[in-house]
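model39.txt (compact mmCIF, C-alpha atoms) appears below.
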```
# COMPACT_ATOMS: atom_id res chain seq x y z
CA ASN A 1 -74.72 229.26 149.33
CA VAL A 2 -74.55 228.83 153.12
CA GLN A 3 -73.52 232.45 153.68
CA GLY A 4 -76.28 233.59 151.32
CA VAL A 5 -78.86 231.73 153.43
CA LEU A 6 -77.37 233.26 156.59
CA ILE A 7 -77.62 236.75 155.11
CA ALA A 8 -81.27 236.24 154.16
CA THR A 9 -82.05 234.74 157.58
CA ASN A 10 -80.36 237.61 159.44
CA LEU A 11 -82.29 240.18 157.40
CA VAL A 12 -85.57 238.47 158.27
CA ILE A 13 -84.54 238.37 161.95
CA ALA A 14 -83.63 242.07 161.87
CA VAL A 15 -87.08 243.00 160.59
CA TYR A 16 -88.82 240.66 163.06
CA VAL A 17 -86.82 241.68 166.15
CA GLY A 18 -87.06 245.46 165.72
CA ALA A 19 -85.20 248.02 167.80
CA ASN A 20 -86.17 246.79 171.28
CA ALA A 21 -87.47 243.24 171.17
CA ASP A 22 -89.07 241.61 174.19
CA THR A 23 -88.21 238.15 175.49
CA ASP A 24 -91.16 236.51 173.71
CA ARG A 25 -89.73 237.31 170.28
CA TYR A 26 -86.40 235.75 171.17
CA MET A 27 -88.24 232.67 172.49
CA VAL A 28 -89.96 232.33 169.11
CA LEU A 29 -86.59 232.55 167.35
CA LEU A 30 -85.15 229.88 169.66
CA ILE A 31 -88.08 227.55 168.97
CA VAL A 32 -87.72 228.06 165.22
CA GLY A 33 -83.97 227.36 165.51
CA ILE A 34 -84.56 224.13 167.47
CA LEU A 35 -87.17 222.93 164.97
CA ALA A 36 -84.80 223.71 162.08
CA GLY A 37 -82.07 221.70 163.82
CA LEU A 38 -84.40 218.72 164.31
CA LEU A 39 -85.53 218.90 160.68
CA SER A 40 -81.88 218.98 159.56
CA SER A 41 -81.20 215.87 161.64
CA VAL A 42 -84.05 214.08 159.86
CA PHE A 43 -82.58 214.98 156.46
CA ILE A 44 -79.10 213.87 157.54
CA SER A 45 -80.41 210.52 158.80
CA ARG A 46 -81.86 209.86 155.33
CA LEU A 47 -78.60 210.49 153.51
CA PRO A 48 -76.91 207.36 152.12
CA ASN A 49 -73.76 206.09 153.81
CA PRO A 50 -70.45 207.03 152.14
CA ALA A 51 -69.19 204.57 149.56
CA GLY A 52 -67.02 201.91 151.15
CA ALA A 53 -68.24 202.49 154.71
CA THR A 54 -68.31 199.16 156.51
CA GLY A 55 -68.52 197.82 160.03
CA VAL A 56 -64.79 197.03 159.91
CA GLY A 57 -64.02 200.70 159.31
CA GLN A 58 -66.17 201.73 162.27
CA ASN A 59 -64.39 199.24 164.52
CA ARG A 60 -61.08 200.82 163.58
CA LEU A 61 -62.09 204.20 165.02
CA LEU A 62 -60.01 203.99 168.20
CA SER A 63 -57.15 202.31 166.36
CA ASP A 64 -56.96 205.04 163.70
CA ILE A 65 -57.19 207.80 166.31
CA GLY A 66 -54.48 206.25 168.49
CA GLU A 67 -52.17 205.67 165.53
CA SER A 68 -52.54 209.26 164.30
CA LEU A 69 -52.09 210.86 167.71
CA ARG A 70 -48.79 209.03 168.11
CA ARG A 71 -47.48 211.30 165.35
CA SER A 72 -46.18 214.50 166.91
CA GLU A 73 -47.12 216.56 163.87
CA TYR A 74 -50.73 215.39 163.98
CA ARG A 75 -50.94 216.03 167.73
CA ARG A 76 -49.67 219.55 167.12
CA PHE A 77 -52.31 220.12 164.45
CA ILE A 78 -55.11 218.82 166.68
CA ILE A 79 -53.94 221.14 169.48
CA LEU A 80 -53.97 224.05 167.02
CA ALA A 81 -57.46 223.17 165.79
CA CYS A 82 -58.74 222.95 169.38
CA VAL A 83 -57.28 226.33 170.33
CA VAL A 84 -58.79 227.95 167.21
CA ALA A 85 -62.17 226.38 168.08
CA MET A 86 -61.82 227.71 171.65
CA ILE A 87 -61.14 231.20 170.28
CA THR A 88 -64.24 230.84 168.11
CA GLY A 89 -66.43 229.94 171.08
CA MET A 90 -64.83 232.59 173.26
CA THR A 91 -65.10 235.53 170.88
CA GLY A 92 -67.78 234.94 168.24
CA PRO A 93 -70.96 234.67 170.33
CA PHE A 94 -70.07 237.66 172.53
CA LEU A 95 -69.39 240.14 169.74
CA VAL A 96 -73.12 240.92 169.62
CA VAL A 97 -73.18 241.34 173.42
CA TYR A 98 -70.20 243.71 173.16
CA ALA A 99 -72.04 245.88 170.61
CA LYS A 100 -75.24 246.00 172.69
CA GLN A 101 -73.72 246.59 176.13
CA ALA A 102 -70.64 248.68 175.41
CA TYR A 103 -72.16 250.90 172.70
CA LYS A 104 -75.93 250.54 173.34
CA ILE A 105 -76.70 249.55 169.76
CA ALA A 106 -80.27 248.47 169.04
CA ASP A 107 -81.07 244.80 168.47
CA ASN A 108 -82.09 245.08 164.82
CA ILE A 109 -79.01 247.18 163.97
CA VAL A 110 -76.76 244.52 165.51
CA VAL A 111 -78.39 241.92 163.27
CA PHE A 112 -77.48 244.04 160.25
CA PHE A 113 -73.86 243.93 161.47
CA LEU A 114 -74.19 240.13 161.42
CA VAL A 115 -75.14 240.44 157.75
CA ILE A 116 -71.96 242.45 157.15
CA GLY A 117 -70.07 239.70 158.96
CA ASN A 118 -71.56 237.16 156.54
CA LEU A 119 -70.30 239.32 153.67
CA GLY A 120 -66.85 239.12 155.25
CA ALA A 121 -67.11 235.32 155.23
CA ILE A 122 -68.13 235.41 151.55
CA ALA A 123 -65.14 237.65 150.73
CA MET A 124 -62.94 235.18 152.59
CA SER A 125 -64.24 232.28 150.49
CA VAL A 126 -63.46 234.17 147.28
CA VAL A 127 -59.91 234.89 148.44
CA ALA A 128 -59.35 231.36 149.78
CA ARG A 129 -60.67 229.72 146.60
CA LYS A 130 -58.07 231.55 144.52
CA LEU A 131 -55.15 231.22 146.95
CA ILE A 132 -55.46 227.82 148.63
CA ASP A 133 -54.09 225.79 145.70
CA ARG A 134 -51.15 228.17 145.20
CA LEU A 135 -50.16 229.01 148.76
CA GLY A 136 -51.21 225.91 150.65
CA ALA A 137 -53.22 225.71 153.87
CA LYS A 138 -50.47 226.64 156.36
CA PRO A 139 -49.67 230.13 154.98
CA LEU A 140 -53.39 230.89 154.62
CA TYR A 141 -53.88 229.72 158.20
CA ALA A 142 -51.30 232.30 159.29
CA ILE A 143 -52.76 235.08 157.15
CA PHE A 144 -56.34 234.58 158.36
CA LEU A 145 -55.23 234.36 161.99
CA GLY A 146 -53.38 237.64 161.46
CA VAL A 147 -56.60 239.25 160.19
CA LEU A 148 -58.42 237.86 163.23
CA ALA A 149 -55.74 239.31 165.53
CA ALA A 150 -56.24 242.73 163.88
CA SER A 151 -59.99 242.60 164.60
CA LEU A 152 -59.40 241.58 168.23
CA THR A 153 -57.01 244.51 168.57
CA LEU A 154 -59.82 246.85 167.46
CA ILE A 155 -61.99 245.53 170.30
CA ILE A 156 -59.17 245.90 172.83
CA ILE A 157 -58.81 249.56 171.81
CA SER A 158 -62.62 250.12 171.94
CA PRO A 159 -62.53 253.75 170.81
CA GLY A 160 -65.13 256.21 172.05
CA LEU A 161 -67.16 257.07 168.96
CA GLY A 162 -70.25 259.11 168.14
CA THR A 163 -73.36 257.80 166.40
CA PRO A 164 -72.25 257.99 162.75
CA LEU A 165 -68.74 256.60 163.26
CA VAL A 166 -69.76 253.81 165.62
CA TYR A 167 -71.71 252.16 162.79
CA VAL A 168 -68.68 252.36 160.52
CA TYR A 169 -66.55 250.89 163.31
CA PHE A 170 -68.83 247.93 163.90
CA GLY A 171 -69.39 247.33 160.20
CA LEU A 172 -65.63 247.12 159.69
CA LEU A 173 -65.19 245.07 162.87
CA PHE A 174 -67.78 242.41 161.98
CA PHE A 175 -66.49 242.17 158.41
CA VAL A 176 -62.82 241.76 159.40
CA PHE A 177 -63.63 239.51 162.37
CA ASN A 178 -65.63 237.04 160.29
CA PHE A 179 -63.10 237.22 157.45
CA GLY A 180 -60.34 236.12 159.81
CA LEU A 181 -62.27 233.71 162.03
CA VAL A 182 -64.11 231.80 159.29
CA GLY A 183 -60.98 231.92 157.14
CA GLY A 184 -58.87 230.38 159.89
CA THR A 185 -61.44 227.63 160.43
CA ASN A 186 -61.59 226.84 156.70
CA ALA A 187 -57.80 226.83 156.38
CA GLY A 188 -57.69 224.37 159.27
CA GLN A 189 -60.14 222.09 157.49
CA SER A 190 -58.05 222.29 154.30
CA TYR A 191 -54.92 221.37 156.24
CA PHE A 192 -56.79 218.47 157.87
CA PHE A 193 -57.72 217.04 154.46
CA ALA A 194 -54.16 217.55 153.22
CA VAL A 195 -52.47 215.65 156.07
CA THR A 196 -55.08 212.93 156.64
CA ASN A 197 -54.89 209.56 154.94
CA GLY A 198 -57.99 208.96 152.82
CA ALA A 199 -58.69 205.59 154.45
CA LYS A 200 -58.76 207.25 157.90
CA LEU A 201 -60.61 210.39 156.84
CA MET A 202 -63.97 209.50 158.37
CA ASN A 203 -62.64 208.26 161.70
CA LEU A 204 -60.21 211.17 162.13
CA GLY A 205 -62.92 213.55 160.97
CA ILE A 206 -64.99 212.40 163.96
CA LEU A 207 -62.04 213.20 166.26
CA TYR A 208 -61.46 216.58 164.60
CA ASN A 209 -65.08 217.73 164.82
CA VAL A 210 -65.85 216.34 168.29
CA LEU A 211 -62.77 217.93 169.84
CA GLY A 212 -63.51 221.16 167.97
CA GLY A 213 -67.07 221.24 169.31
CA ILE A 214 -65.94 220.54 172.87
CA SER A 215 -63.25 223.24 172.64
CA ALA A 216 -65.73 225.80 171.32
CA ALA A 217 -68.15 224.98 174.13
CA VAL A 218 -65.38 225.32 176.72
CA GLY A 219 -64.39 228.67 175.20
CA SER A 220 -67.98 229.95 175.43
CA ILE A 221 -68.30 228.79 179.05
CA ILE A 222 -65.02 230.47 180.02
CA ALA A 223 -65.99 233.70 178.26
CA GLY A 224 -69.43 233.79 179.86
CA ALA A 225 -67.96 233.13 183.31
CA LEU A 226 -65.33 235.86 182.91
CA LEU A 227 -67.88 238.43 181.76
CA GLY A 228 -70.09 237.49 184.71
CA VAL A 229 -67.22 237.87 187.18
CA PHE A 230 -66.11 241.26 185.84
CA GLU A 231 -69.59 242.70 185.30
CA GLY A 232 -70.07 245.93 187.24
CA GLN A 233 -66.50 246.04 188.55
CA TYR A 234 -65.25 248.68 186.11
CA ASP A 235 -66.41 252.18 185.26
CA ARG A 236 -66.16 251.43 181.54
CA VAL A 237 -68.71 248.90 180.34
CA ALA A 238 -66.27 247.84 177.59
CA ALA A 239 -63.52 246.89 180.08
CA PRO A 240 -64.61 243.23 180.63
CA PHE A 241 -64.82 242.75 176.87
CA GLN A 242 -61.38 244.30 176.42
CA PHE A 243 -59.99 241.76 178.89
CA LEU A 244 -61.85 238.87 177.21
CA TYR A 245 -60.70 239.74 173.72
CA GLY A 246 -57.20 240.41 175.01
CA LEU A 247 -57.21 236.80 176.20
CA GLY A 248 -58.42 235.81 172.72
CA LEU A 249 -55.53 237.73 171.16
CA PHE A 250 -53.08 235.91 173.45
CA LEU A 251 -54.51 232.57 172.27
CA VAL A 252 -54.04 233.66 168.65
CA LEU A 253 -50.36 234.24 169.41
CA VAL A 254 -50.23 230.75 170.93
CA CYS A 255 -51.72 229.45 167.66
CA TYR A 256 -48.90 231.09 165.72
CA ILE A 257 -46.31 229.32 167.87
CA VAL A 258 -47.99 225.96 167.27
CA LEU A 259 -48.51 226.73 163.57
CA LEU A 260 -44.81 227.34 162.95
CA GLY A 261 -44.11 223.71 163.89
CA LEU A 262 -46.49 222.27 161.26
CA ARG A 263 -45.27 220.85 157.97
CA ASN A 264 -45.81 223.13 155.00
CA ASN A 265 -47.88 221.40 152.32
CA GLY A 266 -47.69 224.18 149.74
CA ARG A 267 -45.14 226.02 147.62
CA PHE A 268 -44.71 229.05 149.86
CA SER A 269 -43.46 229.63 153.37
CA ILE A 270 -45.49 231.87 155.70
CA ARG A 271 -43.11 234.79 155.10
CA SER A 272 -43.18 234.53 151.30
CA ALA A 273 -46.95 234.01 151.31
CA LEU A 274 -47.40 237.15 153.40
CA GLY A 275 -45.30 239.07 150.87
CA LEU A 276 -47.49 237.73 148.08
CA PHE A 277 -50.66 238.66 149.96
CA LEU A 278 -49.43 242.25 150.32
CA SER A 279 -48.33 242.54 146.67
CA ARG A 280 -50.98 243.67 144.21
CA LYS A 281 -48.89 242.34 141.30
CA ASP A 282 -48.53 238.87 142.82
CA LEU A 283 -52.22 238.71 143.76
CA ARG A 284 -53.04 239.58 140.17
CA ALA A 285 -50.77 236.75 139.06
CA VAL A 286 -52.56 234.29 141.35
CA ALA A 287 -55.94 235.41 139.99
CA LEU A 288 -54.71 234.87 136.43
CA LEU A 289 -53.37 231.42 137.30
CA HIS A 290 -56.78 230.52 138.70
CA LYS A 291 -58.30 231.74 135.44
CA LEU A 292 -55.71 229.74 133.48
CA ASP A 293 -56.86 226.55 135.22
CA THR A 294 -60.42 227.13 134.01
CA THR A 295 -59.79 228.09 130.37
CA GLN A 296 -61.79 226.11 127.82
CA THR A 297 -60.08 226.96 124.52
CA VAL A 298 -56.53 227.42 123.26
CA SER A 299 -57.17 231.08 122.45
CA GLU A 300 -58.31 231.74 126.04
CA GLU A 301 -55.27 229.90 127.37
CA VAL A 302 -52.90 231.92 125.19
CA GLU A 303 -54.59 235.19 126.16
CA VAL A 304 -54.09 234.49 129.87
CA ILE A 305 -50.46 233.41 129.38
CA ASP A 306 -49.75 236.62 127.44
CA THR A 307 -51.30 238.68 130.24
CA ILE A 308 -49.12 236.87 132.80
CA ALA A 309 -46.07 237.72 130.67
CA ASN A 310 -46.66 241.42 131.33
CA LEU A 311 -46.76 241.13 135.14
CA ASP A 312 -43.05 240.57 135.94
CA SER A 313 -43.96 238.24 138.83
CA THR A 314 -42.17 235.04 139.91
CA VAL A 315 -45.37 233.48 141.27
CA PRO A 316 -46.45 231.88 137.94
CA VAL A 317 -43.04 230.26 137.19
CA ASP A 318 -44.01 226.71 138.19
CA ASP A 319 -47.28 226.85 136.27
CA LEU A 320 -45.58 228.26 133.18
CA LEU A 321 -42.96 225.51 133.35
CA GLU A 322 -45.81 222.98 133.32
CA LYS A 323 -47.09 224.58 130.12
CA LEU A 324 -43.76 223.69 128.45
CA LYS A 325 -44.99 220.08 128.55
CA SER A 326 -48.03 220.94 126.42
CA PRO A 327 -48.29 219.01 123.14
CA ARG A 328 -49.26 222.26 121.41
CA PHE A 329 -46.34 224.20 119.98
CA TYR A 330 -48.21 227.48 120.24
CA ILE A 331 -48.82 227.04 123.98
CA ARG A 332 -45.17 226.13 124.59
CA SER A 333 -43.91 229.13 122.63
CA ARG A 334 -46.19 231.55 124.51
CA ALA A 335 -45.13 230.02 127.84
CA LEU A 336 -41.49 230.57 126.85
CA ARG A 337 -42.25 234.20 126.08
CA ALA A 338 -43.84 234.60 129.51
CA LEU A 339 -40.85 232.93 131.21
CA GLU A 340 -38.53 235.28 129.34
CA SER A 341 -40.17 238.23 131.11
CA CYS A 342 -39.50 236.70 134.55
CA SER A 343 -36.35 237.51 136.48
CA ARG A 344 -33.54 234.95 136.36
CA ASP A 345 -34.37 231.77 138.24
CA GLU A 346 -32.61 228.42 138.51
CA ARG A 347 -35.83 226.61 137.63
CA ILE A 348 -36.16 228.62 134.42
CA THR A 349 -32.50 228.10 133.50
CA ASN A 350 -32.75 224.32 133.91
CA ALA A 351 -35.95 224.25 131.87
CA MET A 352 -34.28 226.22 129.09
CA PHE A 353 -31.39 223.71 129.02
CA ASN A 354 -33.96 220.96 128.62
CA GLU A 355 -35.67 222.83 125.75
CA VAL A 356 -32.36 223.26 123.93
CA LYS A 357 -31.51 219.57 124.30
CA ASN A 358 -34.88 218.02 123.49
CA HIS A 359 -36.67 220.43 121.15
CA THR A 360 -34.01 221.19 118.55
CA PHE A 361 -36.38 221.89 115.68
CA THR A 362 -39.18 223.68 117.56
CA THR A 363 -38.49 225.84 120.63
CA ALA A 364 -34.73 225.35 121.15
CA HIS A 365 -33.85 228.65 119.46
CA VAL A 366 -36.24 230.55 121.76
CA ALA A 367 -34.79 228.85 124.84
CA ALA A 368 -31.25 229.64 123.64
CA ARG A 369 -32.19 233.30 123.26
CA ILE A 370 -33.60 233.36 126.80
CA LEU A 371 -30.41 231.78 128.19
CA GLY A 372 -28.35 234.41 126.41
CA ARG A 373 -30.46 237.33 127.61
CA LYS A 374 -30.35 236.08 131.18
CA GLY A 375 -26.56 235.63 131.02
CA ALA A 376 -26.58 231.90 131.76
CA SER A 377 -22.89 231.34 131.03
CA GLU A 378 -23.05 227.76 132.34
CA GLY A 379 -24.99 226.84 129.20
CA ARG A 380 -22.22 227.59 126.72
CA SER A 381 -21.29 223.93 126.19
CA ILE A 382 -24.93 223.01 125.48
CA LEU A 383 -25.42 225.89 123.09
```

Encoding of this model in structure tokens:
Amino acid sequence: NVQGVLIATNLVIAVYVGANADTDRYMVLLIVGILAGLLSSVFISRLPNPAGATGVGQNRLLSDIGESLRRSEYRRFIILACVVAMITGMTGPFLVVYAKQAYKIADNIVVFFLVIGNLGAIAMSVVARKLIDRLGAKPLYAIFLGVLAASLTLIIISPGLGTPLVYVYFGLLFFVFNFGLVGGTNAGQSYFFAVTNGAKLMNLGILYNVLGGISAAVGSIIAGALLGVFEGQYDRVAAPFQFLYGLGLFLVLVCYIVLLGLRNNGRFSIRSALGLFLSRKDLRAVALLHKLDTTQTVSEEVEVIDTIANLDSTVPVDDLLEKLKSPRFYIRSRALRALESCSRDERITNAMFNEVKNHTFTTAHVAARILGRKGASEGRSIL
């Protein structure tokens, strides 16, 4: 919904600004933005306080912050979040300036590129919604930062392009840049909620957002100062931007170093998650698992399980093992069939032993067949 509003707003701005807008038009946009911010503040002030919010909780703000920052893991995460926010402030606002100064693109065309960037953020939300529960926040953090690094590399290269190709270049750049930047920010928020105690969520949320805002502001100030210092000192207009975004790429690499030290709160490591992200078969499996979570009837559930059985992917193993606990015999039998199509896995073998022991008159014979086909010789005594 937010990205949809941004797209509509950017389209209106593109029509209003035109190809070569004067200062007065930008002043009008600034006034409208300020009034919208004030109106939003009025709406926020009228919202009810969260359930359970008391004066005691507010007095514990400094105590909760101090207690959390004494944990090395939480300090590392806060440092990571601050660096990502600094990258956001350093790179995001100046992408439009880069397009206008380095490639002389008209104002209204640049706004259309912002719309494409919003589409990149929407695509990110679709991907994240399907992957976050399966992969966890840390691997997604790494993947989105990798996408961001790829977009920064494009800016560092800054190829000389003619009129038709330059639009393709910037369309791709804005899409990939927003996909990675917004995705990294959202993954950071997901990790924050995963590692924060519910009782401290509000107080630590204040810390998280205040430090993030300060870091973004510092990043913008540094970027503006650097561009001002280097302006006019190089023959190529793009050179200052190449230096700025090179610095941004260096900070992304710093983020990776910090990220490796964080606790993984999902099933997959960064390496295995990257392999999944690059595998069409595994991505299809994740999409089907997301669909499986939203099925409404037994027939829909069985249909999805049968489709998973034809993928030959190890990603759905844990979810299929959960289906063995279903009270419905039909669901358990279809889950067994899907597990039979998976390659041999210790988790599957142990589950089949359990089926043989505890479901003698229902699914034990199917589990025994699976053990035999997978050559689980350790199960001879049980069989």

field: Sphere at (-62.1, 216.6, 166.7), radius 12 Å, counting only C-alpha atoms: residues as a PyMOL selection string
entry: chain A and resi 65+69+74-75+77-85+188-189+192+201-216

Skip Leu172 (chain A) itself and residues of its chain fewer than 4 positions away, then list as a short mmCIF file (atom, residue, chain, number, x, y, z; two decimals) with C-alpha atoms, in the frame of the given file all residues within 10 Å of it, counting all atoms listed in the file.
```
data_model
loop_
_atom_site.label_atom_id
_atom_site.label_comp_id
_atom_site.auth_asym_id
_atom_site.auth_seq_id
_atom_site.Cartn_x
_atom_site.Cartn_y
_atom_site.Cartn_z
CA PHE A 113 -73.86 243.93 161.47
CA ILE A 116 -71.96 242.45 157.15
CA GLY A 117 -70.07 239.70 158.96
CA GLY A 120 -66.85 239.12 155.25
CA SER A 151 -59.99 242.60 164.60
CA LEU A 154 -59.82 246.85 167.46
CA VAL A 166 -69.76 253.81 165.62
CA TYR A 167 -71.71 252.16 162.79
CA VAL A 168 -68.68 252.36 160.52
CA VAL A 176 -62.82 241.76 159.40
CA PHE A 177 -63.63 239.51 162.37
#
```

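Across the model, the gap from CA of Lys138 (chain A) to CA of Lys200 (chain A) is 21.1 Å.
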
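Counting only C-alpha atoms and comparing A:Pro327, A:Gly66, A:Pro240, A:Gly248, the residue that lies closest to Leu145 (chain A) is A:Gly248.
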
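In this model, the gap between CA of Leu11 (chain A) and CA of Val111 (chain A) comes to 7.3 Å.
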
message: Excluding Tyr256 (chain A) and its own-chain neighbours fewer than 2 positions away, which residues fall within 10 Å of it when counting all atoms listed in the file? Please give them as a list in words.
response: Leu80, Tyr141, Ala142, Leu145, Gly146, Leu251, Val252, Leu253, Val254, Val258, Leu259, Leu260 and Gly261 of chain A

Please dump the current selection as a short mmCIF file (atom, residue, chain, number, x, y, z; two decimals), keeping the file's coordinate frame; keep C-alpha atoms.
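Result saved to part_0.cif:
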```cif
data_model
loop_
_atom_site.label_atom_id
_atom_site.label_comp_id
_atom_site.auth_asym_id
_atom_site.auth_seq_id
_atom_site.Cartn_x
_atom_site.Cartn_y
_atom_site.Cartn_z
CA LEU A 80 -53.97 224.05 167.02
CA TYR A 141 -53.88 229.72 158.20
CA ALA A 142 -51.30 232.30 159.29
CA LEU A 145 -55.23 234.36 161.99
CA GLY A 146 -53.38 237.64 161.46
CA LEU A 251 -54.51 232.57 172.27
CA VAL A 252 -54.04 233.66 168.65
CA LEU A 253 -50.36 234.24 169.41
CA VAL A 254 -50.23 230.75 170.93
CA VAL A 258 -47.99 225.96 167.27
CA LEU A 259 -48.51 226.73 163.57
CA LEU A 260 -44.81 227.34 162.95
CA GLY A 261 -44.11 223.71 163.89
#
```

message: Applying 9 Å and all atoms listed in the file, which residues near Tyr245 (chain A) remain after dropping the ones on its own chain fewer than 5 positions away? List them as a VMD selection string.
response: chain A and resid 90 to 91 152 to 153 155 to 156 240 250

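With distances taken over all atoms listed in the file, A:Ala225 is the one residue among A:Leu29, A:Leu114, A:Leu161, A:Ala225 lying closest to Leu244 (chain A).
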
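If you look at CA of Tyr103 (chain A) and CA of Phe243 (chain A), they are 16.4 Å away from each other.
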
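Distances from A:Ile305, A:Val110, A:Gly224, A:Arg271 to Arg337 (chain A) were compared using all atoms listed in the file, and the smallest one belongs to A:Ile305.
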
- prompt: What lies within 12 Å of Leu227 (chain A) using all atoms listed in the file, ignoring chain neighbours under 5 positions off, as a PyMOL selection string?
  reply: chain A and resi 90-91+94+97-98+101+220-222+232-234+237-245
